[in-house]
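Student: Next comes upload-v4.cif, mmCIF, C-alpha atoms:
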data_query
loop_
_atom_site.label_atom_id
_atom_site.label_comp_id
_atom_site.auth_asym_id
_atom_site.auth_seq_id
_atom_site.Cartn_x
_atom_site.Cartn_y
_atom_site.Cartn_z
CA MET J 57 0.00 0.00 0.00
CA SER J 58 1.19 3.55 -0.66
CA VAL J 59 -0.21 6.73 0.86
CA ALA J 60 -0.33 9.85 -1.35
CA GLY J 61 1.67 12.91 -0.45
CA PRO J 62 5.33 13.79 -0.12
CA PRO J 63 7.25 12.41 2.87
CA GLY J 64 7.33 14.85 5.78
CA SER J 65 4.24 16.78 4.69
CA VAL J 66 1.16 16.74 6.92
CA MET J 67 -1.83 15.01 5.38
CA ASP J 68 -5.04 16.94 4.99
CA ARG J 69 -8.45 15.64 5.95
CA ASP J 70 -9.30 14.29 2.48
CA GLU J 71 -5.99 12.47 2.21
CA VAL J 72 -6.53 10.91 5.63
CA ASP J 73 -10.05 9.78 4.77
CA ARG J 74 -8.97 8.25 1.45
CA ALA J 75 -6.04 6.48 3.13
CA LEU J 76 -8.28 5.06 5.84
CA VAL J 77 -10.74 3.71 3.25
CA ARG J 78 -7.88 1.98 1.41
CA LEU J 79 -6.40 0.64 4.63
CA ASP J 80 -9.76 -0.71 5.79
CA ALA J 81 -10.14 -2.64 2.51
CA GLU J 82 -6.53 -3.85 2.77
CA HIS J 83 -7.13 -4.94 6.38
CA GLU J 84 -10.17 -6.95 5.33
CA ALA J 85 -8.27 -8.62 2.44
CA ILE J 86 -5.34 -9.54 4.70
CA GLU J 87 -7.65 -10.94 7.37
CA THR J 88 -9.53 -13.01 4.77
CA SER J 89 -6.26 -14.43 3.43
CA LEU J 90 -4.98 -15.28 6.90
CA LEU J 91 -8.22 -17.00 7.88
CA ALA J 92 -8.15 -18.97 4.60
CA LEU J 93 -4.58 -20.04 5.37
CA GLN J 94 -5.63 -20.98 8.89
CA ASP J 95 -8.46 -23.17 7.54
CA HIS J 96 -6.52 -24.63 4.61
CA ALA J 97 -6.79 -28.43 4.49
CA GLY J 98 -3.08 -28.72 3.81
CA ARG J 99 -2.24 -26.72 6.93
CA ARG J 100 -4.46 -28.89 9.10
CA LEU J 101 -2.81 -32.01 7.67
CA LEU J 102 0.65 -30.59 8.31
CA GLU J 103 -0.24 -29.82 11.90
CA GLY J 104 -1.50 -33.35 12.53
CA ALA J 105 1.10 -35.35 10.61
CA GLU J 106 4.31 -36.93 11.91
CA LEU J 107 6.63 -35.17 9.53
CA THR J 108 10.18 -36.03 8.54
CA GLY J 109 12.94 -34.74 6.28
CA THR J 110 12.44 -31.71 4.08
CA THR J 111 8.80 -31.25 5.04
CA GLN J 112 9.57 -31.23 8.76
CA GLU J 113 12.23 -28.54 8.31
CA ARG J 114 10.14 -26.33 6.07
CA TRP J 115 6.98 -26.71 8.15
CA LEU J 116 8.80 -25.66 11.35
CA ASP J 117 9.92 -22.55 9.51
CA ALA J 118 6.43 -22.00 8.06
CA GLU J 119 4.82 -22.33 11.50
CA HIS J 120 7.10 -19.62 12.83
CA ARG J 121 6.23 -17.44 9.84
CA ILE J 122 2.48 -17.96 10.34
CA THR J 123 2.79 -17.07 14.03
CA LEU J 124 4.73 -13.96 13.07
CA LEU J 125 2.09 -13.15 10.45
CA TRP J 126 -0.62 -12.99 13.09
CA THR J 127 1.62 -10.92 15.33
CA TYR J 128 2.19 -8.46 12.50
CA PHE J 129 -1.47 -8.44 11.60
CA ASP J 130 -2.49 -7.66 15.19
CA ALA J 131 0.00 -4.79 15.27
CA TYR J 132 -1.25 -3.59 11.88
CA ALA J 133 -4.86 -3.77 13.04
CA GLY J 134 -4.00 -1.99 16.31
CA THR J 135 -2.35 0.90 14.50
CA LEU J 136 -5.24 1.18 12.06
CA ARG J 137 -7.70 1.13 14.97
CA THR J 138 -5.77 3.92 16.71
CA ALA J 139 -5.83 5.96 13.51
CA ARG J 140 -9.61 5.57 13.25
CA GLU J 141 -10.04 6.65 16.85
CA VAL J 142 -7.99 9.78 16.24
CA ARG J 143 -9.98 10.58 13.10
CA GLU J 144 -13.29 10.09 14.89
CA ARG J 145 -12.50 12.62 17.61
CA ARG J 146 -13.93 15.46 15.59
CA ARG J 147 -15.47 16.03 12.20
CA TRP J 148 -12.86 18.56 11.23
CA PRO J 149 -9.53 17.40 12.64
CA ASN J 150 -7.16 20.11 13.89
CA ARG J 151 -3.46 20.30 13.05
CA ASP J 152 -2.43 18.13 16.00
CA ASP J 153 -4.88 15.46 14.89
CA LEU J 154 -3.57 15.58 11.30
CA GLN J 155 0.03 15.41 12.49
CA GLU J 156 -0.84 12.36 14.61
CA LEU J 157 -2.72 10.75 11.73
CA THR J 158 0.19 11.45 9.36
CA ARG J 159 2.58 9.77 11.82
CA LEU J 160 0.27 6.76 12.17
CA LEU J 161 -0.44 6.32 8.46
CA ARG J 162 2.96 7.24 7.00
CA GLY J 163 5.56 6.98 9.71
CA GLN J 164 7.14 4.02 11.47
CA SER J 165 4.28 3.88 13.86
CA VAL J 166 3.98 0.10 14.16
CA THR J 167 6.09 -1.50 16.87
CA VAL J 168 6.39 -5.28 16.92
CA ALA J 169 8.07 -7.18 19.75
CA GLY J 170 10.11 -10.35 19.16
CA GLY J 171 10.16 -10.25 15.32
CA SER J 172 13.08 -10.50 12.96
CA VAL J 173 14.11 -8.52 9.94
CA SER J 174 13.76 -11.45 7.52
CA GLY J 175 10.70 -12.97 9.05
CA ALA J 176 12.63 -16.22 9.58
CA ALA J 177 13.08 -18.12 12.79
CA PRO J 178 15.27 -16.35 15.37
CA SER J 179 18.98 -17.23 15.27
CA LEU J 180 21.11 -17.92 18.37
CA THR J 181 24.15 -16.43 16.66
CA GLY J 182 22.44 -13.46 14.96
CA PRO J 183 21.87 -10.02 16.49
CA ALA J 184 19.13 -9.86 19.11
CA LYS J 185 16.17 -7.61 18.28
CA LEU J 186 13.60 -7.08 20.98
CA THR J 187 11.40 -4.78 18.92
CA GLU J 188 11.02 -3.66 15.32
CA HIS J 189 9.45 -0.53 13.90
CA PHE J 190 7.56 -0.42 10.58
CA THR J 191 5.44 1.85 8.51
CA LEU J 192 2.10 0.35 7.54
CA GLU J 193 3.39 -0.04 3.96
CA GLU J 194 6.54 -1.82 5.15
CA LEU J 195 4.52 -4.08 7.40
CA VAL J 196 2.18 -5.09 4.55
CA ALA J 197 5.19 -5.94 2.35
CA ARG J 198 6.63 -8.05 5.17
CA MET J 199 3.30 -9.84 5.67
CA ASN J 200 3.01 -10.52 1.94
CA ASP J 201 6.46 -12.15 1.97
CA LEU J 202 5.68 -14.27 5.04
CA TYR J 203 2.31 -15.25 3.61
CA ALA J 204 3.79 -16.30 0.24
CA HIS J 205 6.46 -18.50 1.87
CA SER J 206 3.97 -20.11 4.24
CA LEU J 207 1.33 -20.67 1.58
CA ASP J 208 3.92 -22.23 -0.73
CA VAL J 209 4.68 -24.91 1.87
CA VAL J 210 1.01 -25.57 2.61
CA VAL J 211 -0.12 -25.69 -1.04
CA ALA J 212 2.79 -27.88 -2.15
CA ALA J 213 2.25 -30.41 0.64
CA ASP J 214 -1.49 -30.48 0.00
CA ALA J 215 -0.94 -30.99 -3.74
CA VAL J 216 1.31 -33.99 -3.12
CA TRP J 217 -1.07 -35.47 -0.55
CA SER J 218 -4.00 -34.96 -2.92
CA ALA J 219 -2.22 -36.59 -5.86
CA LEU J 220 0.04 -39.41 -4.73
CA PRO J 221 -1.48 -41.38 -1.81
CA ALA J 222 -4.74 -42.03 -3.67
CA ARG J 223 -2.87 -43.17 -6.76
CA ILE J 224 -0.59 -45.36 -4.66
CA ASP J 225 -3.62 -46.92 -2.96
CA LEU J 226 -5.23 -47.67 -6.33
CA LEU J 227 -2.01 -49.22 -7.57
CA ALA J 228 -1.70 -51.22 -4.34
CA ALA J 229 -5.23 -52.56 -4.84
CA GLU J 230 -4.33 -53.56 -8.40
CA LEU J 231 -1.17 -55.14 -7.02
CA GLN J 232 -3.20 -57.28 -4.62
CA ARG J 233 -5.47 -58.46 -7.43
CA THR J 234 -2.42 -59.33 -9.52
CA ARG J 235 -0.86 -61.21 -6.57
CA ARG J 236 -3.99 -63.33 -6.13
CA LEU J 237 -4.12 -64.06 -9.85
CA ALA J 238 -0.41 -64.89 -9.89
CA HIS J 239 -0.85 -67.27 -6.95
CA SER J 240 -3.70 -69.03 -8.78
CA VAL J 241 -1.40 -69.88 -11.70
CA GLY J 242 1.56 -70.87 -9.55
CA VAL J 243 3.60 -67.66 -9.85
CA ARG J 244 5.10 -67.38 -6.38
CA PRO J 245 8.16 -65.71 -4.88
CA GLY J 246 11.23 -67.88 -5.06
CA GLU J 247 9.71 -69.99 -7.83
CA HIS J 248 9.19 -67.46 -10.60
CA THR J 249 10.82 -64.13 -11.41
CA SER J 250 7.43 -62.44 -11.70
CA GLY J 251 6.63 -63.59 -8.15
CA ASP J 252 9.87 -61.97 -6.95
CA ASP J 253 8.99 -58.81 -8.87
CA LEU J 254 5.60 -58.62 -7.15
CA GLU J 255 7.29 -58.82 -3.75
CA GLN J 256 9.66 -56.03 -4.74
CA ILE J 257 6.81 -53.83 -5.98
CA THR J 258 4.90 -54.45 -2.74
CA ARG J 259 7.87 -53.31 -0.65
CA GLU J 260 8.40 -50.27 -2.86
CA LEU J 261 4.76 -49.14 -2.67
CA THR J 262 4.70 -49.57 1.11
CA ALA J 263 7.87 -47.50 1.53
CA LEU J 264 6.72 -44.93 -1.02
CA ARG J 265 3.37 -44.34 0.68
CA ALA J 266 4.98 -43.95 4.10
CA GLN J 267 7.45 -41.40 2.76
CA VAL J 268 4.79 -39.46 0.85
CA ILE J 269 2.72 -39.16 4.02
CA SER J 270 5.62 -38.09 6.26
CA ASP J 271 7.64 -36.02 3.77
CA PRO J 272 5.41 -34.81 0.92
CA LEU J 273 7.72 -31.94 -0.04
CA ALA J 274 10.39 -34.47 -1.00
CA PHE J 275 8.06 -35.25 -3.92
CA TRP J 276 7.45 -31.65 -4.99
CA ARG J 277 9.02 -30.19 -8.12
CA PRO J 278 8.80 -26.36 -8.20
CA ALA J 279 8.00 -24.75 -11.53
CA LYS J 280 11.02 -23.09 -13.09
CA GLY J 281 10.75 -19.32 -13.23
CA SER J 282 7.55 -19.20 -11.17
CA SER J 283 7.38 -17.17 -7.96
CA ALA J 284 3.70 -17.84 -7.27
CA PRO J 285 2.97 -19.81 -4.07
CA GLY J 286 2.48 -23.47 -4.90
CA GLY J 287 3.91 -23.12 -8.38
CA GLY J 288 5.00 -26.59 -9.48
CA ARG J 289 3.72 -30.14 -9.48
CA PRO J 290 4.25 -33.45 -7.67
CA HIS J 291 6.93 -35.61 -9.26
CA THR J 292 5.83 -39.22 -9.61
CA ASP J 293 9.01 -40.92 -10.86
CA ARG J 294 9.03 -43.69 -8.27
CA TYR J 295 5.30 -44.27 -8.60
CA ASP J 296 5.55 -44.41 -12.39
CA HIS J 297 8.43 -46.90 -12.18
CA ALA J 298 6.41 -49.16 -9.87
CA ALA J 299 3.36 -48.87 -12.13
CA ARG J 300 5.40 -49.88 -15.19
CA ALA J 301 6.93 -52.81 -13.29
CA LEU J 302 3.47 -54.00 -12.26
CA GLU J 303 2.23 -53.70 -15.84
CA ASP J 304 5.13 -55.87 -17.01
CA VAL J 305 4.23 -58.51 -14.41
CA ARG J 306 0.57 -58.39 -15.42
CA ARG J 307 1.56 -59.09 -19.01
CA GLU J 308 3.55 -62.08 -17.81
CA ILE J 309 0.57 -63.32 -15.80
CA ASP J 310 -1.72 -62.81 -18.81
CA ALA J 311 0.65 -64.92 -20.87
CA VAL J 312 0.53 -67.66 -18.25
CA LEU J 313 -3.28 -67.44 -18.18
CA THR J 314 -3.33 -67.78 -21.95
CA VAL J 315 -1.20 -70.89 -21.57
CA ARG J 316 -3.68 -72.29 -19.06
CA GLN J 317 -6.56 -71.73 -21.47
CA ASP J 318 -4.78 -73.05 -24.57
CA ALA J 319 -2.54 -75.69 -23.00
CA GLU J 320 -4.45 -78.77 -24.14
CA ALA J 321 -4.79 -77.55 -27.71
CA ARG J 322 -1.12 -76.59 -27.87
CA LEU J 323 -0.07 -79.94 -26.41
CA GLY J 324 -2.24 -81.66 -29.02
CA ARG J 325 -0.59 -79.70 -31.82
CA LEU J 326 2.84 -80.61 -30.42
CA ARG J 327 1.95 -84.31 -30.33
CA ASP J 328 0.75 -84.09 -33.92
CA LEU J 329 3.94 -82.31 -35.07
CA LEU J 330 6.19 -84.85 -33.39
CA SER J 331 4.08 -87.73 -34.71
CA ARG J 332 4.35 -86.39 -38.27
CA ALA J 333 8.09 -85.98 -37.81
CA ASP J 334 8.34 -89.60 -36.59
CA ARG J 335 6.29 -90.88 -39.53
CA THR J 336 8.40 -88.88 -41.96
CA LEU J 337 11.61 -90.25 -40.45
CA ALA J 338 10.16 -93.79 -40.61
CA GLU J 339 9.32 -93.22 -44.25
CA ALA J 340 12.85 -91.92 -44.84
CA ARG J 341 14.36 -95.01 -43.19
CA SER J 342 12.17 -97.30 -45.31
CA ALA J 343 13.04 -95.33 -48.43
CA ARG J 344 16.74 -95.55 -47.60
CA GLY J 345 16.50 -99.34 -47.51
CA GLU J 346 14.75 -99.32 -50.86
CA VAL J 347 17.35 -96.97 -52.35
CA LEU J 348 20.24 -99.11 -51.07
CA ALA J 349 18.59 -102.18 -52.60
CA LYS J 350 17.66 -100.63 -55.96
CA ILE J 351 20.31 -98.00 -56.64
CA ALA J 352 23.99 -98.83 -57.00
CA ALA J 353 27.01 -96.53 -56.64
CA SER J 354 24.99 -93.86 -54.84
CA GLU J 355 25.74 -92.21 -51.52
CA VAL J 356 22.60 -92.33 -49.39
CA PRO J 357 22.62 -90.24 -46.18
CA ALA J 358 21.88 -91.93 -42.87
CA VAL J 359 18.51 -91.28 -41.18
CA SER J 360 18.46 -90.45 -37.47
CA GLY J 361 16.08 -92.00 -35.01
CA PRO J 362 13.05 -90.30 -33.42
CA PRO J 363 13.79 -87.32 -31.11
CA THR J 364 13.48 -88.94 -27.69
CA ALA J 365 14.51 -85.74 -25.88
CA LEU J 366 11.54 -83.90 -27.34
CA GLN J 367 9.21 -86.72 -26.35
CA GLU J 368 10.54 -86.52 -22.79
CA GLN J 369 10.02 -82.75 -22.71
CA LEU J 370 6.50 -83.23 -24.07
CA ALA J 371 5.80 -85.67 -21.23
CA THR J 372 7.15 -83.10 -18.77
CA ALA J 373 4.85 -80.45 -20.26
CA ALA J 374 1.87 -82.77 -19.81
CA ASP J 375 2.86 -83.25 -16.16
CA TYR J 376 3.04 -79.47 -15.67
CA ARG J 377 -0.46 -79.15 -17.09
CA ARG J 378 -1.86 -81.91 -14.84
CA ASN J 379 -0.29 -80.25 -11.78
CA ALA J 380 -1.36 -76.71 -12.81
CA GLN J 381 2.24 -75.49 -12.95
CA TRP J 382 1.37 -72.94 -15.61
CA HIS J 383 4.35 -70.67 -14.99
CA ARG J 384 6.66 -73.58 -15.86
CA LEU J 385 4.53 -74.83 -18.71
CA SER J 386 4.53 -71.47 -20.53
CA PRO J 387 8.25 -71.24 -21.42
CA LEU J 388 8.46 -75.01 -22.03
CA LEU J 389 5.62 -74.93 -24.56
CA GLU J 390 7.21 -72.04 -26.44
CA SER J 391 10.52 -73.90 -26.63
CA LEU J 392 8.87 -77.18 -27.64
CA GLU J 393 6.81 -75.57 -30.40
CA GLU J 394 9.91 -74.12 -32.00
CA LYS J 395 11.87 -77.38 -31.67
CA ALA J 396 8.99 -79.51 -33.00
CA GLU J 397 8.69 -77.34 -36.12
CA ASP J 398 12.43 -77.67 -36.66
CA GLU J 399 12.23 -81.43 -36.16
CA LEU J 400 9.49 -81.85 -38.75
CA LEU J 401 11.46 -79.72 -41.23
CA ARG J 402 14.57 -81.82 -40.57
CA ALA J 403 12.62 -85.03 -41.13
CA ARG J 404 11.24 -83.77 -44.43
CA GLU J 405 14.70 -82.70 -45.58
CA SER J 406 16.03 -86.14 -44.62
CA LEU J 407 13.31 -87.87 -46.66
CA THR J 408 14.03 -85.63 -49.64
CA ALA J 409 17.77 -86.34 -49.45
CA VAL J 410 17.24 -90.11 -49.11
CA THR J 411 14.78 -90.40 -52.02
CA ALA J 412 16.78 -88.18 -54.38
CA PRO J 413 18.30 -91.19 -56.28
CA LEU J 414 14.83 -92.66 -56.84
CA ALA J 415 13.69 -89.30 -58.18
CA VAL J 416 16.65 -89.23 -60.57
CA ARG J 417 15.82 -92.79 -61.76
CA ALA J 418 12.18 -91.84 -62.27
CA GLU J 419 13.21 -88.78 -64.30
CA LEU J 420 15.49 -90.94 -66.53
CA ARG J 421 12.71 -93.49 -67.06
CA GLY J 422 10.31 -90.74 -68.04
CA ARG J 423 12.80 -89.22 -70.46
CA LEU J 424 13.51 -92.62 -72.08
CA ASP J 425 9.83 -93.37 -72.62
CA ALA J 426 9.19 -89.89 -73.98
CA TYR J 427 11.85 -90.34 -76.68
CA LYS J 428 10.53 -93.79 -77.54
CA ALA J 429 7.08 -92.29 -78.09
CA LYS J 430 8.56 -89.56 -80.26
CA VAL J 431 10.44 -92.10 -82.38
CA ALA J 432 7.25 -94.15 -82.81
CA ARG J 433 5.32 -91.07 -84.00
CA HIS J 434 7.89 -90.65 -86.78
CA GLY J 435 7.66 -94.28 -87.91
CA LEU J 436 10.98 -95.41 -86.49
CA ALA J 437 9.66 -97.79 -83.85
CA GLU J 438 11.07 -100.79 -85.72
CA ASP J 439 14.53 -99.33 -86.25
CA PRO J 440 16.89 -102.11 -85.01
CA PHE J 441 19.59 -99.72 -83.87
CA LEU J 442 17.16 -97.64 -81.85
CA ILE J 443 15.56 -100.76 -80.39
CA GLU J 444 18.96 -101.96 -79.30
CA ARG J 445 19.85 -98.67 -77.70
CA TYR J 446 16.44 -98.45 -76.01
CA ASP J 447 16.61 -102.00 -74.61
CA ALA J 448 20.09 -101.37 -73.22
CA ALA J 449 18.95 -98.23 -71.39
CA ARG J 450 15.76 -99.88 -70.19
CA ARG J 451 17.55 -102.88 -68.76
CA MET J 452 19.78 -100.59 -66.75
CA LEU J 453 16.91 -98.45 -65.44
CA TRP J 454 14.65 -101.37 -64.56
CA SER J 455 17.29 -103.61 -63.03
CA ALA J 456 18.29 -103.67 -59.37
CA PRO J 457 20.58 -102.34 -58.26
CA CYS J 458 20.58 -99.56 -60.85
CA ASP J 459 23.78 -97.69 -61.54
CA LEU J 460 22.43 -94.20 -62.18
CA ARG J 461 25.57 -92.85 -63.79
CA VAL J 462 25.74 -95.73 -66.33
CA ALA J 463 21.97 -95.61 -66.88
CA GLU J 464 22.09 -91.88 -67.58
CA GLN J 465 24.79 -92.40 -70.21
CA ALA J 466 22.66 -95.14 -71.83
CA VAL J 467 19.67 -92.79 -71.96
CA LEU J 468 21.82 -90.07 -73.51
CA ARG J 469 23.07 -92.50 -76.14
CA TYR J 470 19.49 -93.45 -77.02
CA GLN J 471 18.53 -89.78 -77.22
CA GLN J 472 21.44 -89.08 -79.55
CA ALA J 473 20.63 -92.09 -81.77
CA ALA J 474 16.98 -91.04 -81.94
CA ALA J 475 17.95 -87.47 -82.80
CA ASP J 476 20.27 -88.63 -85.56
CA ALA J 477 17.62 -90.99 -86.99
CA LEU J 478 15.00 -88.26 -86.98
CA ALA J 479 17.39 -85.76 -88.56
CA SER J 480 18.21 -88.12 -91.43
CA ARG J 481 14.55 -89.04 -92.00
CA VAL J 482 12.95 -85.63 -92.06
CA PRO J 483 14.78 -84.22 -95.15
CA GLN J 484 13.77 -87.28 -97.16
CA GLN J 485 10.17 -86.40 -96.42
CA GLY J 486 10.73 -82.83 -97.64
CA GLY J 487 10.10 -81.29 -94.26
CA PRO J 488 12.25 -79.13 -91.99
CA THR J 489 14.99 -80.72 -89.92
CA ASP J 490 13.86 -81.63 -86.38
CA ARG J 491 16.61 -81.03 -83.86
CA ARG J 492 14.54 -81.07 -80.73
CA GLY J 493 15.75 -84.54 -79.82
CA GLU J 494 19.45 -83.75 -79.91
CA ALA J 495 21.25 -84.29 -76.66
#
Would you kindly transcribe this structure into structure tokens?

Tutor:
Amino acid sequence: MSVAGPPGSVMDRDEVDRALVRLDAEHEAIETSLLALQDHAGRRLLEGAELTGTTQERWLDAEHRITLLWTYFDAYAGTLRTAREVRERRRWPNRDDLQELTRLLRGQSVTVAGGSVSGAAPSLTGPAKLTEHFTLEELVARMNDLYAHSLDVVVAADAVWSALPARIDLLAAELQRTRRLAHSVGVRPGEHTSGDDLEQITRELTALRAQVISDPLAFWRPAKGSSAPGGGRPHTDRYDHAARALEDVRREIDAVLTVRQDAEARLGRLRDLLSRADRTLAEARSARGEVLAKIAASEVPAVSGPPTALQEQLATAADYRRNAQWHRLSPLLESLEEKAEDELLRARESLTAVTAPLAVRAELRGRLDAYKAKVARHGLAEDPFLIERYDAARRMLWSAPCDLRVAEQAVLRYQQAAADALASRVPQQGGPTDRRGEA
């Protein structure tokens, strides 16, 4: 507040009346603010809480400031009351009255006992001040500063208490539901990493809630560049970390629940995969015997036996399902599904490799018969030379064991003889030379 008029000059009646009107309004505004601070929910919580750490230190300082605020306000109100009494002595104040009113309204007329220049708690090592003298304007500035510091502590603590404990309680309730669900599927501490994680999250939330209640200002992040009381927001780093950890565990539990729902179907698919792999390997072993008996001079790869390790793991998975050990069944099923697919692929590749000589023989037989049909279409079916070459190749391809390399050469010789015969016959008929049969 500022009062019009140069320092040292005596105020006139109009100046005094205007100043008193302003000061009355200012008095009412200050009183309203102080009563609001007195009734603030955050202040009541701070008074009743067992505080620690940063909050304890700042609240002790704020309590001293609030006490000093009321002391200053009482002195302010007393001086203003005295000024009103002087003004009300007479309708037209005389010079002595105006001089007294000027001193009260402009001078250092307010005396406060036991205060301090900064408004902070008294210091044992600082200079002792039994009384302080203020103008009304100086006293209002001091009260504004004390009020802002005190309100900042109250608003910040209340903001943290309003935001974090409720969220922690909701997360703790979700944690309990997750723990019960985890227990139902066999995820327990010491037996599964997710069970250990749940224990860790439980300890963290318990410690976090206790600290938020006793030291809320440790979780307050002031806004940069803001001087307004309560400027900032609660920081929730630890809460967010716990929430993310719980979400990760819940995904793990959901995966285990999915295993519980789909276990029988997945086990059935695994049995089918391994059975198909066994049948394919059996077919490959049978085919290998046939190849060794029918094909000569050919390297036939060996065929391994059925995968007994996978069958044992499949039996273990079935035991896990019967005993509701879903947390153990989940990773085992994933591993088995991948291995079973690989095993079936390996069995198919083994069958392909084993039967390759038979496929080569079949291709040579087909080629030989195709050329014989072509020769017959051109009227050379009775050609003795071609018949001889054909019979030689056929005996090799249809005999056991069949030497594929020799048989292939015999087929090539027949092809060449057929091509030559066709080439010599076509010009005699006046048609174009057919070279499609040349080897």

Student: Of the candidates J:Leu220, J:Ala343, J:Met67, J:Met452, which shows the shortest atom-to-atom distance to J:Arg159, using all atoms listed in the file?

Tutor: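 Closest candidate: J:Met67.
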
Student: Would you please work out which residue, of J:Glu255, J:Asp425, J:Asp152, J:Glu260, is nearest to J:Arg235 when using only C-alpha atoms?

Tutor: J:Glu255

Student: With distances taken over all atoms listed in the file, which of J:Thr372, J:Ser331, J:Ser270, J:Ser240 is nearest to J:Gly104?

Tutor: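 Counting all atoms listed in the file, the residue closest to J:Gly104 is J:Ser270.
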
Student: Draw an axis-aligned box over all listed atoms of stretch 382-396 of chain J, pad each side with 5 Å, and write its centre and edge lengths in Å, one decimal, as JSON.

Tutor:
{"center_x": 6.6, "center_y": -75.1, "center_z": -24.0, "size_x": 20.5, "size_y": 18.8, "size_z": 28.0}

Student: Once the PyMOL selection byres ((chain J and resi 114) around 12) is applied to the coordinates I shared, what remains selected? I want it as a list in words.

Tutor: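 Output of the PyMOL selection byres ((chain J and resi 114) around 12): Leu102, Leu107, Thr108, Gly109, Thr110, Thr111, Gln112, Glu113, Trp115, Leu116, Asp117, Ala118, Glu119, His120, Arg121, Ala176, Ala177, His205, Ser206, Leu207, Asp208, Val209, Val210, Ala212, Ala213, Asp271, Pro272, Leu273 and Ala274 of chain J.
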
Student: Enter the distance from atom CA of J:Phe190 to atom CA of J:Ala75, in Å, rounded to one decimal.

Tutor: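 The value is 17.0 Å.
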
Student: Could you tell me which residues the PyMOL selection byres ((chain J and resi 345-348) around 8) grabs in this file, written as a PDB file with C-alpha atoms, in the coordinates of the input?

Tutor:
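See part27.pdb below for the written result:
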ATOM      1  CA  ARG J 341      14.360 -95.010 -43.190  1.00  0.00           C
ATOM      2  CA  SER J 342      12.170 -97.300 -45.310  1.00  0.00           C
ATOM      3  CA  ALA J 343      13.040 -95.330 -48.430  1.00  0.00           C
ATOM      4  CA  ARG J 344      16.740 -95.550 -47.600  1.00  0.00           C
ATOM      5  CA  ALA J 349      18.590-102.180 -52.600  1.00  0.00           C
ATOM      6  CA  LYS J 350      17.660-100.630 -55.960  1.00  0.00           C
ATOM      7  CA  ILE J 351      20.310 -98.000 -56.640  1.00  0.00           C
ATOM      8  CA  ALA J 352      23.990 -98.830 -57.000  1.00  0.00           C
ATOM      9  CA  VAL J 356      22.600 -92.330 -49.390  1.00  0.00           C
ATOM     10  CA  VAL J 410      17.240 -90.110 -49.110  1.00  0.00           C
ATOM     11  CA  THR J 411      14.780 -90.400 -52.020  1.00  0.00           C
ATOM     12  CA  PRO J 413      18.300 -91.190 -56.280  1.00  0.00           C
ATOM     13  CA  LEU J 414      14.830 -92.660 -56.840  1.00  0.00           C
ATOM     14  CA  PRO J 457      20.580-102.340 -58.260  1.00  0.00           C
TER      15      PRO J 457
END

Student: If you apply the PyMOL selection byres ((chain J and resi 327) around 12) to this file, what residues do you get, as a PyMOL selection string?

Tutor: chain J and resi 320-326+328-334+366-371+373-374+389+392-393+396-397+400

Student: For each of J:Gln471, J:Gln256, J:Ser218, J:Gln317, take the minimum atom-to-atom distance to J:Val268, counting all atoms listed in the file, then give the residue where this is smallest.

Tutor: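 Result for the nearest residue to J:Val268: J:Ser218.
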
Student: Got a sec: who's within 12 Å of J:Leu76, counting all atoms listed in the file, leaving out chain neighbours fewer than 2 positions off, as a PyMOL selection string?

Tutor: chain J and resi 57-60+67+69-74+78-83+133+135-144+157-158+160-162+192

Student: In Å, rounded to a single decimal, give me how far atom CA of J:Leu385 is from atom CA of J:Ser250.

Tutor: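 We find that atom CA of J:Ser250 and atom CA of J:Leu385 lie 14.5 Å from each other.
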
Student: Point out the residue among J:Val462, J:Leu124, J:Val168, J:Ala97 with the least atom-to-atom distance to J:Val211, counting only C-alpha atoms.

Tutor: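 Closest residue, counting only C-alpha atoms: J:Ala97.
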
Student: Quick one: stretch 264-275 of chain J with C-alpha atoms, as an mmCIF file, in the first residue's frame?

Tutor:
data_model
loop_
_atom_site.group_PDB
_atom_site.id
_atom_site.type_symbol
_atom_site.label_atom_id
_atom_site.label_comp_id
_atom_site.auth_asym_id
_atom_site.auth_seq_id
_atom_site.Cartn_x
_atom_site.Cartn_y
_atom_site.Cartn_z
ATOM 1 C CA LEU J 264 6.718 -44.926 -1.024
ATOM 2 C CA ARG J 265 3.373 -44.335 0.679
ATOM 3 C CA ALA J 266 4.981 -43.948 4.101
ATOM 4 C CA GLN J 267 7.453 -41.395 2.756
ATOM 5 C CA VAL J 268 4.789 -39.459 0.851
ATOM 6 C CA ILE J 269 2.718 -39.158 4.022
ATOM 7 C CA SER J 270 5.620 -38.089 6.255
ATOM 8 C CA ASP J 271 7.643 -36.019 3.774
ATOM 9 C CA PRO J 272 5.410 -34.810 0.917
ATOM 10 C CA LEU J 273 7.716 -31.939 -0.042
ATOM 11 C CA ALA J 274 10.393 -34.467 -1.000
ATOM 12 C CA PHE J 275 8.059 -35.252 -3.923
#
